[in-house]
$ cat target-v1.txt   # compact mmCIF, C-alpha atoms
# COMPACT_ATOMS: atom_id res chain seq x y z
CA MET A 904 148.04 118.76 84.52
CA ALA A 905 148.27 117.46 88.09
CA THR A 906 146.26 114.34 87.33
CA GLY A 907 148.47 113.63 84.32
CA ILE A 908 151.55 113.69 86.52
CA LEU A 909 149.81 111.43 88.99
CA ALA A 910 148.97 108.96 86.26
CA THR A 911 152.48 108.74 84.84
CA GLY A 912 154.21 108.76 88.23
CA LEU A 913 152.13 106.20 90.10
CA LEU A 914 150.62 103.85 87.54
CA ALA A 915 153.74 101.76 86.86
CA VAL A 916 153.70 98.19 88.14
CA PRO A 917 156.14 97.53 91.02
CA ALA A 918 158.79 94.90 90.51
CA ARG A 919 158.73 91.82 92.68
CA ALA A 920 159.84 92.88 96.15
CA GLY A 921 161.12 89.50 97.35
CA ASN A 922 164.27 87.75 96.18
CA GLN A 923 164.45 85.40 93.20
CA GLU A 924 164.19 82.16 95.22
CA ALA A 925 162.40 83.05 98.44
CA VAL A 926 161.27 79.48 99.22
CA PHE A 927 162.83 76.05 98.87
CA LEU A 928 161.15 73.80 96.30
CA GLY A 929 162.25 70.46 97.67
CA ASN A 930 163.34 68.80 100.89
CA GLN A 931 166.97 68.22 99.92
CA ALA A 932 167.21 71.89 98.89
CA ALA A 933 165.74 72.98 102.23
CA MET A 934 168.33 70.87 104.06
CA SER A 935 171.34 72.35 102.22
CA GLY A 936 170.54 75.96 101.36
CA GLY A 937 169.50 75.10 97.81
CA ALA A 938 172.99 73.86 96.82
CA VAL A 939 171.73 70.68 95.14
CA VAL A 940 172.19 71.07 91.38
CA ALA A 941 174.92 68.37 91.32
CA TRP A 942 173.14 65.69 93.39
CA VAL A 943 169.40 66.30 93.84
CA ASN A 944 167.23 63.18 93.43
CA ASP A 945 164.07 63.97 95.40
CA GLY A 946 160.91 65.90 94.50
CA GLY A 947 162.92 69.06 93.85
CA ALA A 948 164.78 67.46 90.93
CA PRO A 949 162.39 68.67 88.16
CA TRP A 950 163.12 72.23 89.32
CA TYR A 951 166.77 72.19 90.42
CA ASN A 952 168.13 69.60 87.95
CA PRO A 953 165.81 67.22 86.07
CA ALA A 954 168.76 64.93 85.30
CA GLY A 955 168.57 63.83 88.95
CA LEU A 956 165.35 61.97 88.15
CA ALA A 957 167.41 59.30 86.41
CA THR A 958 168.96 58.28 89.74
CA ILE A 959 165.71 57.45 91.58
CA GLU A 960 165.20 53.77 92.38
CA GLY A 961 161.42 53.39 92.51
CA THR A 962 158.40 55.67 92.95
CA SER A 963 158.40 58.81 95.08
CA VAL A 964 155.75 61.30 96.17
CA ASP A 965 157.03 64.58 97.64
CA LEU A 966 155.01 67.37 99.20
CA SER A 967 156.72 70.44 100.59
CA ALA A 968 155.49 73.80 101.78
CA SER A 969 156.75 76.91 103.48
CA ALA A 970 154.38 77.00 106.44
CA PHE A 971 155.00 80.72 106.54
CA VAL A 972 157.27 83.34 105.02
CA LEU A 973 157.70 86.43 107.17
CA ARG A 974 159.26 89.54 105.64
CA HIS A 975 159.85 92.68 107.65
CA TYR A 976 160.53 95.77 105.53
CA LEU A 977 162.42 98.62 107.18
CA LEU A 978 161.56 101.83 105.28
CA PRO A 979 162.60 104.68 107.57
CA GLY A 980 162.51 107.33 104.84
CA ALA A 981 160.40 105.98 101.98
CA ALA A 982 157.92 108.88 102.32
CA GLN A 983 158.97 112.52 102.60
CA THR A 984 157.25 115.84 103.10
CA ARG A 985 158.83 119.03 101.79
CA LEU A 986 157.65 122.12 103.63
CA SER A 987 159.01 125.64 103.96
CA GLN A 988 160.77 124.67 107.20
CA GLY A 989 162.58 121.76 105.57
CA LEU A 990 162.38 118.07 104.70
CA LEU A 991 160.49 115.68 107.00
CA GLN A 992 160.83 111.90 106.63
CA LYS A 993 158.03 109.42 107.38
CA ASP A 994 158.55 105.78 108.33
CA ALA A 995 156.63 103.37 106.04
CA SER A 996 157.93 100.09 107.52
CA PHE A 997 155.64 97.05 107.41
CA THR A 998 155.56 93.27 107.86
CA GLU A 999 154.35 90.71 105.30
CA VAL A 1000 153.29 87.15 106.19
CA VAL A 1001 152.34 84.60 103.52
CA SER A 1002 151.83 80.84 103.42
CA VAL A 1003 153.22 79.16 100.30
CA PRO A 1004 152.33 75.63 99.02
CA ALA A 1005 155.81 75.27 97.56
CA ALA A 1006 155.88 71.94 95.67
CA LEU A 1007 154.10 68.69 94.86
CA THR A 1008 155.96 66.07 92.82
CA VAL A 1009 155.28 62.47 91.75
CA MET A 1010 158.25 60.59 90.26
CA ARG A 1011 158.52 57.06 88.90
CA ARG A 1012 161.11 54.88 87.24
CA LEU A 1013 159.78 53.93 83.78
CA SER A 1014 162.55 51.55 82.74
CA ASP A 1015 166.15 50.67 83.58
CA HIS A 1016 167.38 53.87 81.93
CA VAL A 1017 164.37 56.25 81.98
CA ALA A 1018 162.46 57.99 84.78
CA GLY A 1019 159.69 60.57 84.66
CA GLY A 1020 157.62 62.78 86.87
CA LEU A 1021 154.89 65.39 87.19
CA ALA A 1022 155.45 68.49 89.30
CA VAL A 1023 153.77 71.67 90.52
CA PHE A 1024 155.94 74.45 91.97
CA VAL A 1025 155.20 77.85 93.53
CA PRO A 1026 158.58 79.64 93.63
CA TYR A 1027 157.21 82.91 94.98
CA GLN A 1028 154.14 84.50 96.48
CA GLU A 1029 153.63 88.01 97.85
CA ASP A 1030 151.00 89.83 99.89
CA ILE A 1031 152.25 93.37 100.51
CA LEU A 1032 150.54 96.40 102.02
CA VAL A 1033 152.54 99.56 102.67
CA SER A 1034 150.99 102.80 103.87
CA ALA A 1035 151.97 106.14 105.37
CA ALA A 1036 150.22 109.34 106.42
CA TYR A 1037 151.05 112.89 107.51
CA ASP A 1038 148.88 115.55 109.15
CA GLN A 1039 150.03 119.02 110.21
CA LYS A 1040 147.93 121.87 111.53
CA GLY A 1041 149.53 125.31 111.58
CA SER A 1042 148.67 128.93 112.07
CA GLN A 1043 148.91 129.61 108.31
CA ALA A 1044 147.64 126.33 106.85
CA ASP A 1045 146.59 122.74 107.51
CA TYR A 1046 148.21 120.11 105.32
CA ALA A 1047 147.64 116.35 105.21
CA TRP A 1048 148.40 113.41 102.92
CA SER A 1049 148.00 109.65 103.00
CA PHE A 1050 148.83 106.84 100.62
CA SER A 1051 148.67 103.05 100.52
CA ALA A 1052 150.08 100.58 98.02
CA SER A 1053 149.25 96.89 97.97
CA ARG A 1054 150.37 93.97 95.84
CA ARG A 1055 149.25 90.35 95.77
CA ALA A 1056 151.17 88.14 93.38
CA ALA A 1057 151.95 84.48 92.82
CA ARG A 1058 153.41 82.36 90.05
CA TYR A 1059 152.74 78.64 89.50
CA TYR A 1060 154.76 76.19 87.41
CA ALA A 1061 153.33 72.81 86.38
CA GLY A 1062 154.41 70.15 83.91
CA PRO A 1063 156.19 66.88 83.17
CA ALA A 1064 159.84 65.96 83.54
CA ILE A 1065 161.84 63.10 82.05
CA ALA A 1066 165.40 61.89 82.55
CA VAL A 1067 167.60 59.36 80.73
CA SER A 1068 170.75 57.57 81.87
CA LEU A 1069 173.08 57.86 78.88
CA SER A 1070 175.65 55.76 80.73
CA PRO A 1071 176.02 54.52 84.32
CA ARG A 1072 177.57 57.89 85.25
CA LEU A 1073 175.96 60.39 82.84
CA GLN A 1074 172.34 61.55 83.00
CA LEU A 1075 170.30 64.02 80.95
CA GLY A 1076 166.95 65.50 82.04
CA LEU A 1077 164.29 67.90 80.77
CA SER A 1078 161.39 69.65 82.53
CA LEU A 1079 158.71 71.46 80.54
CA PHE A 1080 156.58 73.92 82.50
CA GLY A 1081 153.45 75.84 81.78
CA THR A 1082 153.15 78.88 84.04
CA TYR A 1083 150.32 80.94 85.46
CA GLU A 1084 150.90 84.25 87.22
CA SER A 1085 148.36 86.49 88.93
CA ARG A 1086 149.09 90.06 90.02
CA LEU A 1087 146.76 92.50 91.74
CA THR A 1088 148.21 95.93 92.41
CA ALA A 1089 146.32 98.81 94.03
CA ARG A 1090 147.33 102.35 94.98
CA ASP A 1091 145.42 105.11 96.75
CA PHE A 1092 146.61 108.64 97.42
CA THR A 1093 145.02 111.76 98.93
CA SER A 1094 146.55 115.17 99.62
CA SER A 1095 144.73 118.20 101.02
CA LEU A 1096 145.68 121.82 101.82
CA ASP A 1097 143.53 124.30 103.74
CA ALA A 1098 145.28 127.70 103.87
CA ARG A 1099 144.14 130.80 105.71
CA ASP A 1100 146.24 133.14 103.58
CA GLY A 1101 148.01 133.14 100.21
CA PRO A 1102 146.98 132.82 96.55
CA VAL A 1103 145.61 129.27 97.06
CA ARG A 1104 143.12 128.64 99.88
CA GLN A 1105 142.24 125.01 99.23
CA ALA A 1106 143.78 122.20 97.17
CA VAL A 1107 142.89 118.52 96.98
CA LEU A 1108 144.62 115.77 94.94
CA THR A 1109 143.35 112.16 94.85
CA LEU A 1110 144.31 108.95 93.04
CA ASP A 1111 142.69 105.51 92.99
CA GLN A 1112 144.31 102.91 90.73
CA LYS A 1113 144.02 99.11 90.37
CA LEU A 1114 145.78 96.76 87.98
CA ASP A 1115 144.64 93.13 87.71
CA GLN A 1116 146.79 90.83 85.53
CA LYS A 1117 146.53 87.16 84.59
CA LEU A 1118 149.50 85.85 82.60
CA PHE A 1119 150.20 82.44 81.04
CA GLY A 1120 153.64 81.41 79.87
CA THR A 1121 156.02 78.55 79.20
CA THR A 1122 159.61 77.66 79.96
CA LEU A 1123 161.82 74.62 80.44
CA ALA A 1124 164.85 73.38 82.35
CA LEU A 1125 167.55 71.27 80.71
CA GLY A 1126 169.86 69.46 83.11
CA PHE A 1127 173.05 67.39 82.95
CA ARG A 1128 174.66 65.31 85.69
CA TRP A 1129 178.00 63.52 85.54
CA ASP A 1130 179.19 61.25 88.36
CA ILE A 1131 182.93 61.59 87.95
CA ASP A 1132 183.60 58.70 90.35
CA ASP A 1133 181.94 57.18 93.41
CA ASP A 1134 182.48 60.37 95.42
CA TRP A 1135 182.38 63.36 93.05
CA SER A 1136 179.57 64.55 90.80
CA THR A 1137 178.85 67.68 88.78
CA GLY A 1138 175.66 69.19 87.42
CA ILE A 1139 174.62 71.89 84.97
CA VAL A 1140 171.15 73.35 84.42
CA ILE A 1141 170.15 75.69 81.59
CA ARG A 1142 166.93 77.70 81.91
CA PRO A 1143 165.87 79.59 78.76
CA PRO A 1144 163.78 82.77 79.16
CA LEU A 1145 160.22 82.46 80.46
CA PHE A 1146 157.95 83.62 77.63
CA HIS A 1147 154.42 84.98 77.90
CA LEU A 1148 151.89 83.15 75.71
CA ALA A 1149 148.52 84.57 76.71
CA GLY A 1150 146.86 86.69 79.33
CA LYS A 1151 144.83 89.74 80.10
CA ALA A 1152 145.05 92.87 82.20
CA LYS A 1153 142.46 95.31 83.46
CA VAL A 1154 143.25 98.83 84.63
CA ASP A 1155 140.87 100.96 86.69
CA PHE A 1156 142.10 104.48 87.25
CA ALA A 1157 140.62 107.68 88.69
CA ALA A 1158 142.42 110.92 89.55
CA THR A 1159 141.16 114.37 90.48
CA SER A 1160 142.65 117.71 91.44
CA ALA A 1161 140.69 120.66 92.78
CA VAL A 1162 142.18 124.08 93.53
CA VAL A 1163 140.35 127.08 95.00
CA ALA A 1164 142.11 130.44 94.69
CA ALA A 1165 141.89 133.32 97.15
CA ASP A 1166 139.38 135.10 94.89
CA GLY A 1167 137.06 132.09 95.01
CA GLU A 1168 137.84 130.83 91.50
CA ALA A 1169 137.90 127.01 91.39
CA GLN A 1170 139.72 124.77 88.93
CA VAL A 1171 138.87 121.07 88.77
CA ASP A 1172 140.65 118.45 86.68
CA ALA A 1173 139.46 114.82 86.63
CA GLN A 1174 140.46 111.67 84.76
CA ARG A 1175 138.80 108.25 84.77
CA ALA A 1176 139.68 105.14 82.82
CA ALA A 1177 138.75 101.45 82.73
CA LEU A 1178 140.87 99.63 80.18
CA ASP A 1179 141.23 96.01 79.15
CA GLN A 1180 144.69 95.17 77.85
CA GLU A 1181 146.23 92.13 76.17
CA PRO A 1182 149.97 91.76 76.82
CA ALA A 1183 152.05 91.25 73.69
CA LEU A 1184 152.59 87.66 72.64
CA PHE A 1185 155.99 86.14 73.51
CA ASP A 1186 156.96 88.91 75.94
CA ARG A 1187 159.82 87.80 78.15
CA MET A 1188 158.70 87.48 81.77
CA GLU A 1189 162.08 86.28 83.08
CA PRO A 1190 165.56 86.20 81.44
CA ALA A 1191 167.71 83.09 80.86
CA ARG A 1192 169.69 81.48 83.67
CA MET A 1193 172.42 78.86 83.97
CA GLU A 1194 173.61 77.01 87.08
CA ALA A 1195 176.63 74.77 87.60
CA GLY A 1196 177.69 72.86 90.70
CA VAL A 1197 179.95 70.22 92.15
CA SER A 1198 179.23 67.77 94.97
CA ARG A 1199 181.23 65.29 97.03
CA ALA A 1200 179.99 62.29 99.01
CA LEU A 1201 181.27 62.65 102.55
CA ALA A 1202 180.47 60.79 105.80
CA GLY A 1203 177.40 59.20 104.26
CA GLY A 1204 176.04 62.56 103.11
CA ARG A 1205 176.77 65.26 100.55
CA LEU A 1206 178.71 68.54 100.52
CA SER A 1207 178.19 70.78 97.49
CA ALA A 1208 178.75 74.21 95.99
CA GLN A 1209 177.30 75.93 92.94
CA VAL A 1210 177.11 79.21 91.04
CA SER A 1211 174.19 80.73 89.14
CA TRP A 1212 174.42 83.23 86.28
CA GLN A 1213 171.47 85.21 84.94
CA SER A 1214 171.51 87.04 81.61
CA SER A 1215 170.52 90.64 81.07
CA ALA A 1216 167.15 91.51 79.54
CA ASN A 1217 165.68 94.66 78.09
CA GLY A 1218 162.33 94.43 76.35
CA GLY A 1219 158.83 93.09 76.70
CA GLY A 1220 158.32 94.99 79.94
CA VAL A 1221 161.33 93.30 81.59
CA ILE A 1222 164.59 95.10 82.39
CA ARG A 1223 167.22 93.01 84.14
CA ARG A 1224 170.95 93.35 84.63
CA PRO A 1225 173.23 90.28 84.50
CA GLY A 1226 173.95 88.70 87.86
CA LEU A 1227 176.07 86.04 89.56
CA ASN A 1228 175.15 84.19 92.77
CA GLY A 1229 176.56 81.33 94.81
CA ARG A 1230 175.39 78.59 97.19
CA VAL A 1231 177.21 76.13 99.43
CA GLY A 1232 175.73 73.51 101.75
CA GLY A 1233 175.32 69.89 102.66
CA ALA A 1234 173.26 67.23 104.43
CA PHE A 1235 174.60 64.37 106.57
CA PRO A 1236 173.07 61.49 108.54
CA VAL A 1237 173.65 61.47 112.29
CA SER A 1238 171.73 58.23 112.92
CA PRO A 1239 169.75 55.71 110.83
CA ARG A 1240 166.68 57.94 111.16
CA PHE A 1241 167.99 61.49 111.53
CA ALA A 1242 169.93 63.74 109.17
CA LEU A 1243 171.06 67.33 109.59
CA GLY A 1244 171.86 69.91 106.95
CA ALA A 1245 172.82 73.55 106.52
CA GLY A 1246 173.71 75.97 103.76
CA PHE A 1247 174.55 79.54 102.85
CA PHE A 1248 173.54 81.51 99.76
CA THR A 1249 173.52 84.83 97.98
CA ASP A 1250 170.53 86.06 95.99
CA ARG A 1251 171.59 89.37 94.47
CA SER A 1252 168.84 91.15 92.58
CA PRO A 1253 168.91 91.45 88.78
CA ASN A 1254 166.67 94.54 88.97
CA VAL A 1255 167.92 97.96 87.92
CA THR A 1256 167.66 101.13 90.01
CA PRO A 1257 163.97 101.74 90.84
CA THR A 1258 162.06 104.14 88.59
CA SER A 1259 158.59 104.08 90.19
CA LEU A 1260 156.84 103.63 93.53
CA GLY A 1261 157.34 100.16 95.01
CA GLU A 1262 160.04 98.96 92.62
CA THR A 1263 163.02 97.42 94.40
CA LYS A 1264 166.64 96.48 93.86
CA VAL A 1265 167.56 94.37 96.89
CA ASP A 1266 170.46 91.94 97.37
CA PHE A 1267 169.84 89.04 99.77
CA TYR A 1268 172.36 87.05 101.82
CA GLY A 1269 171.29 84.19 104.06
CA GLY A 1270 171.44 80.65 105.32
CA SER A 1271 169.34 77.69 106.34
CA PHE A 1272 169.34 74.81 108.81
CA GLY A 1273 167.24 71.65 108.54
CA VAL A 1274 166.56 68.24 110.03
CA ARG A 1275 165.07 65.14 108.38
CA TYR A 1276 163.43 62.21 110.17
CA SER A 1277 162.88 58.95 108.24
CA THR A 1278 161.20 55.64 109.02
CA ALA A 1279 161.26 52.48 106.86
CA HIS A 1280 158.50 49.86 106.81
CA ARG A 1281 158.93 46.45 105.21
CA VAL A 1282 155.75 45.42 103.40
CA THR A 1283 156.69 41.76 102.81
CA ASP A 1284 158.82 39.12 104.52
CA ASP A 1285 161.10 38.84 101.49
CA GLU A 1286 164.65 39.36 102.72
CA GLU A 1287 165.68 40.35 99.22
CA GLU A 1288 163.35 43.34 99.32
CA ARG A 1289 165.41 46.46 99.24
CA LYS A 1290 163.51 48.92 101.45
CA GLY A 1291 159.69 48.71 101.32
CA LEU A 1292 158.06 52.02 102.26
CA VAL A 1293 160.13 54.94 103.50
CA PHE A 1294 158.41 57.93 105.10
CA SER A 1295 160.39 61.10 105.78
CA THR A 1296 159.63 64.52 107.20
CA THR A 1297 161.87 67.54 106.74
CA VAL A 1298 161.74 70.74 108.78
CA ALA A 1299 164.03 73.65 107.92
CA LEU A 1300 164.44 77.32 108.86
CA ARG A 1301 165.67 79.87 106.36
CA TYR A 1302 166.81 83.45 107.05
CA ALA A 1303 167.87 86.09 104.54
CA LEU A 1304 168.96 89.71 104.97
CA GLY A 1305 168.11 92.05 102.09
CA LEU A 1306 169.88 95.37 101.52
CA GLY A 1307 169.03 97.74 98.70
CA GLU A 1308 166.73 100.41 97.29
CA ILE A 1309 163.01 101.01 96.88
CA GLY A 1310 160.98 103.62 95.04
CA GLY A 1311 159.43 106.17 97.42
CA LEU A 1312 157.35 109.34 97.25
CA SER A 1313 158.01 112.97 98.21
CA PHE A 1314 155.02 115.22 98.96
CA SER A 1315 154.55 118.99 99.00
CA PRO A 1316 151.37 121.05 99.59
CA LEU A 1317 150.71 122.36 96.07
CA SER A 1318 152.37 119.74 93.86
CA PRO A 1319 151.71 116.11 92.93
CA PRO A 1320 153.93 113.56 94.70
CA ALA A 1321 157.45 113.21 93.27
CA PHE A 1322 159.35 109.94 92.94
CA PHE A 1323 162.69 109.34 94.65
CA VAL A 1324 164.86 106.36 95.62
CA ALA A 1325 165.05 105.36 99.30
CA ASP A 1326 167.05 102.77 101.22
CA VAL A 1327 165.35 99.53 102.32
CA THR A 1328 166.34 96.68 104.62
CA ILE A 1329 164.38 93.41 104.55
CA HIS A 1330 164.50 90.59 107.11
CA GLU A 1331 163.07 87.37 105.64
CA LEU A 1332 162.34 84.29 107.75
CA SER A 1333 160.62 81.14 106.49
CA LEU A 1334 159.71 77.73 107.89
CA HIS A 1335 159.83 74.79 105.48
CA ILE A 1336 157.85 71.61 106.22
CA GLY A 1337 158.05 68.72 103.77
CA SER A 1338 156.97 65.09 103.59
CA ALA A 1339 158.03 62.34 101.23
CA LEU A 1340 156.99 58.74 100.53
CA ASP A 1341 159.38 56.45 98.65
CA PHE A 1342 158.47 52.92 97.59
$ encode --input "target-v1.txt" --output "structure tokens"
Amino acid sequence: MATGILATGLLAVPARAGNQEAVFLGNQAAMSGGAVVAWVNDGGAPWYNPAGLATIEGTSVDLSASAFVLRHYLLPGAAQTRLSQGLLQKDASFTEVVSVPAALTVMRRLSDHVAGGLAVFVPYQEDILVSAAYDQKGSQADYAWSFSASRRAARYYAGPAIAVSLSPRLQLGLSLFGTYESRLTARDFTSSLDARDGPVRQAVLTLDQKLDQKLFGTTLALGFRWDIDDDWSTGIVIRPPLFHLAGKAKVDFAATSAVVAADGEAQVDAQRAALDQEPALFDRMEPARMEAGVSRALAGGRLSAQVSWQSSANGGGVIRRPGLNGRVGGAFPVSPRFALGAGFFTDRSPNVTPTSLGETKVDFYGGSFGVRYSTAHRVTDDEEERKGLVFSTTVALRYALGLGEIGGLSFSPLSPPAFFVADVTIHELSLHIGSALDF
């Protein structure tokens, strides 16, 4: 009985703990808080708005990375112990540091009206380890428990993009991505009771569970851009659901409970399982999204604002509520070689209230600040040559504050752990470093 409760209460896969867009996937996005859907034309275009590809003038190679993403999770009461003298809370706070190779894009103008590109994006990556322990020795009994939960996850997008200028001021673009996602989740739990009096003298509960998933999927991004005049432009991006096409999952699970009564009678219950699973074809891994923005040329740079709407989803292992977010930002030159940018954003979670250990529903609010340094090199003596080679380096800092809920555990001496919802605060800081070559 106890092992069955352990299996159903702890085996569920935790939802992604970070926000929906934890890293910037392009240098212009890093400079302006991601508010680029109406004007992006660098290596982030296949992701943020593929229609922006149609405005490039030559060939461009962009490489960007978040040198690190630091997340500090404040979990002051995510683990609880219920004893006869009352409720005791245990701090399970921890810090996560990951390095993310965010984006690599090659773009080229194919004709006067058509441009194309190839891109690889890593929109999120996690490496989480949370643990807590409790040990009490008393005159009547000794009681101890410990648990740890870890999760390593990453998703990669790769594919071509193409854009067409339908008129001098109207562009249409399409990106088609194949996706690969890896998830490795592990949980360990031990609880022990050694009583000197009472009907139960000894009790031990243990759990060891691992879930290894490899998932392949596909999705696309359809973008529109309209330059209303020389100063104003608008953009719209439609992202259909991300569908699962193939994959595999392996579950290793072991749970035991042993109870020794005062009369010496022992009861042992044990479960072990090693299962290979194939996720259902065409499961939805992410719901549909739509983004719309407006931008204005100002002082040689751009100021823009946009909103993002995400649909609800319920099925295929994905439960999401509808959500609305906003971004505002801009980038402006301060000299022929330097440009500065900043932006603010919301990233409210589409997740529902947590129902198992490690699931989260966290709303993020943050901003970014960046600087770009560019140098141009003429490769011929032709005065008619437009620019030659242009090298640029972008460095940006991003901070986000997350406020919400996380699934925690409550422990008691003679019962399996019980699930409850605890408050969580997340501080997220990332450093973006990007390089680009235009020619």
$ closest_residue --input "target-v1.txt" --among "A:Val1293, A:Val964, A:Ile1329, A:Leu1334" --to "Leu978 (chain A)" --atoms "only C-alpha atoms"
A:Ile1329
$ atom_distance --input "target-v1.txt" --atom1 "CA of Phe1080 (chain A)" --atom2 "CA of Thr1297 (chain A)"
25.6 Å
$ closest_residue --input "target-v1.txt" --among "A:Arg1055, A:Leu986, A:Ala1165, A:Thr958" --to "Leu1075 (chain A)" --atoms "all atoms listed in the file"
A:Thr958
$ residues_around --input "target-v1.txt" --residues "Met1193 (chain A)" --least-positions-apart "2" --cutoff "12 Å" --atoms "all atoms listed in the file" --output "PyMOL selection string"
chain A and resi 940+951-952+1123-1127+1138-1144+1190-1191+1195-1196+1209-1214+1225-1229
$ closest_residue --input "target-v1.txt" --among "A:Arg1199, A:Leu1306, A:Ala1064, A:Tyr1059" --to "Ile1131 (chain A)" --atoms "all atoms listed in the file"
A:Arg1199
$ closest_residue --input "target-v1.txt" --among "A:Asn930, A:Gln1116, A:Ser1315, A:Ser935" --to "Asp1155 (chain A)" --atoms "only C-alpha atoms"
A:Gln1116
$ closest_residue --input "target-v1.txt" --among "A:Phe1247, A:Phe927, A:Tyr1060, A:Phe1092" --to "Gly1270 (chain A)" --atoms "only C-alpha atoms"
A:Phe1247
$ residues_around --input "target-v1.txt" --residues "Pro1102 (chain A)" --least-positions-apart "3" --cutoff "12 Å" --atoms "only C-alpha atoms" --output "VMD selection string"
chain A and resid 1097 to 1099 1105 to 1106 1162 to 1169 1317
$ residues_around --input "target-v1.txt" --residues "region 1110-1115 of chain A" --least-positions-apart "5" --cutoff "6 Å" --atoms "only C-alpha atoms" --output "JSON, numbers by chain"
{"A": [1086, 1087, 1088, 1089, 1090, 1091, 1092, 1152, 1153, 1154, 1155, 1156, 1157, 1158]}
$ closest_residue --input "target-v1.txt" --among "A:Thr1082, A:Ser1053, A:Thr1256, A:Thr1008" --to "Asn944 (chain A)" --atoms "all atoms listed in the file"
A:Thr1008
$ atom_distance --input "target-v1.txt" --atom1 "CA of Ala1005 (chain A)" --atom2 "CA of Ser967 (chain A)"
5.8 Å
$ atom_distance --input "target-v1.txt" --atom1 "CA of Gly1203 (chain A)" --atom2 "CA of Phe1272 (chain A)"
18.1 Å
$ residues_around --input "target-v1.txt" --residues "Leu991 (chain A)" --least-positions-apart "3" --cutoff "12 Å" --atoms "only C-alpha atoms" --output "list in words"
Pro979, Gly980, Ala981, Ala982, Gln983, Thr984, Arg985, Leu986, Ser987, Gln988, Asp994, Tyr1037, Asp1038, Gln1039, Ser1313, Phe1314 and Ser1315 of chain A
$ residues_around --input "target-v1.txt" --residues "Ala1061 (chain A)" --least-positions-apart "3" --cutoff "6 Å" --atoms "only C-alpha atoms" --output "PyMOL selection string"
chain A and resi 1022-1023+1080-1081
$ residues_near_point --input "target-v1.txt" --point "(149.2, 101.7, 107.8)" --cutoff "8 Å" --atoms "all atoms listed in the file" --output "mmCIF file with C-alpha atoms, in the frame of the given file"
data_model
loop_
_atom_site.group_PDB
_atom_site.id
_atom_site.type_symbol
_atom_site.label_atom_id
_atom_site.label_comp_id
_atom_site.auth_asym_id
_atom_site.auth_seq_id
_atom_site.Cartn_x
_atom_site.Cartn_y
_atom_site.Cartn_z
ATOM 1 C CA ALA A 995 156.630 103.370 106.040
ATOM 2 C CA PHE A 997 155.640 97.050 107.410
ATOM 3 C CA LEU A 1032 150.540 96.400 102.020
ATOM 4 C CA VAL A 1033 152.540 99.560 102.670
ATOM 5 C CA SER A 1034 150.990 102.800 103.870
ATOM 6 C CA ALA A 1035 151.970 106.140 105.370
ATOM 7 C CA ALA A 1036 150.220 109.340 106.420
ATOM 8 C CA SER A 1051 148.670 103.050 100.520
#
$ residues_near_point --input "target-v1.txt" --point "(172.0, 75.2, 96.5)" --cutoff "7 Å" --atoms "only C-alpha atoms" --output "ChimeraX atom specification"
/A:932,935-940,1208-1209,1230-1232
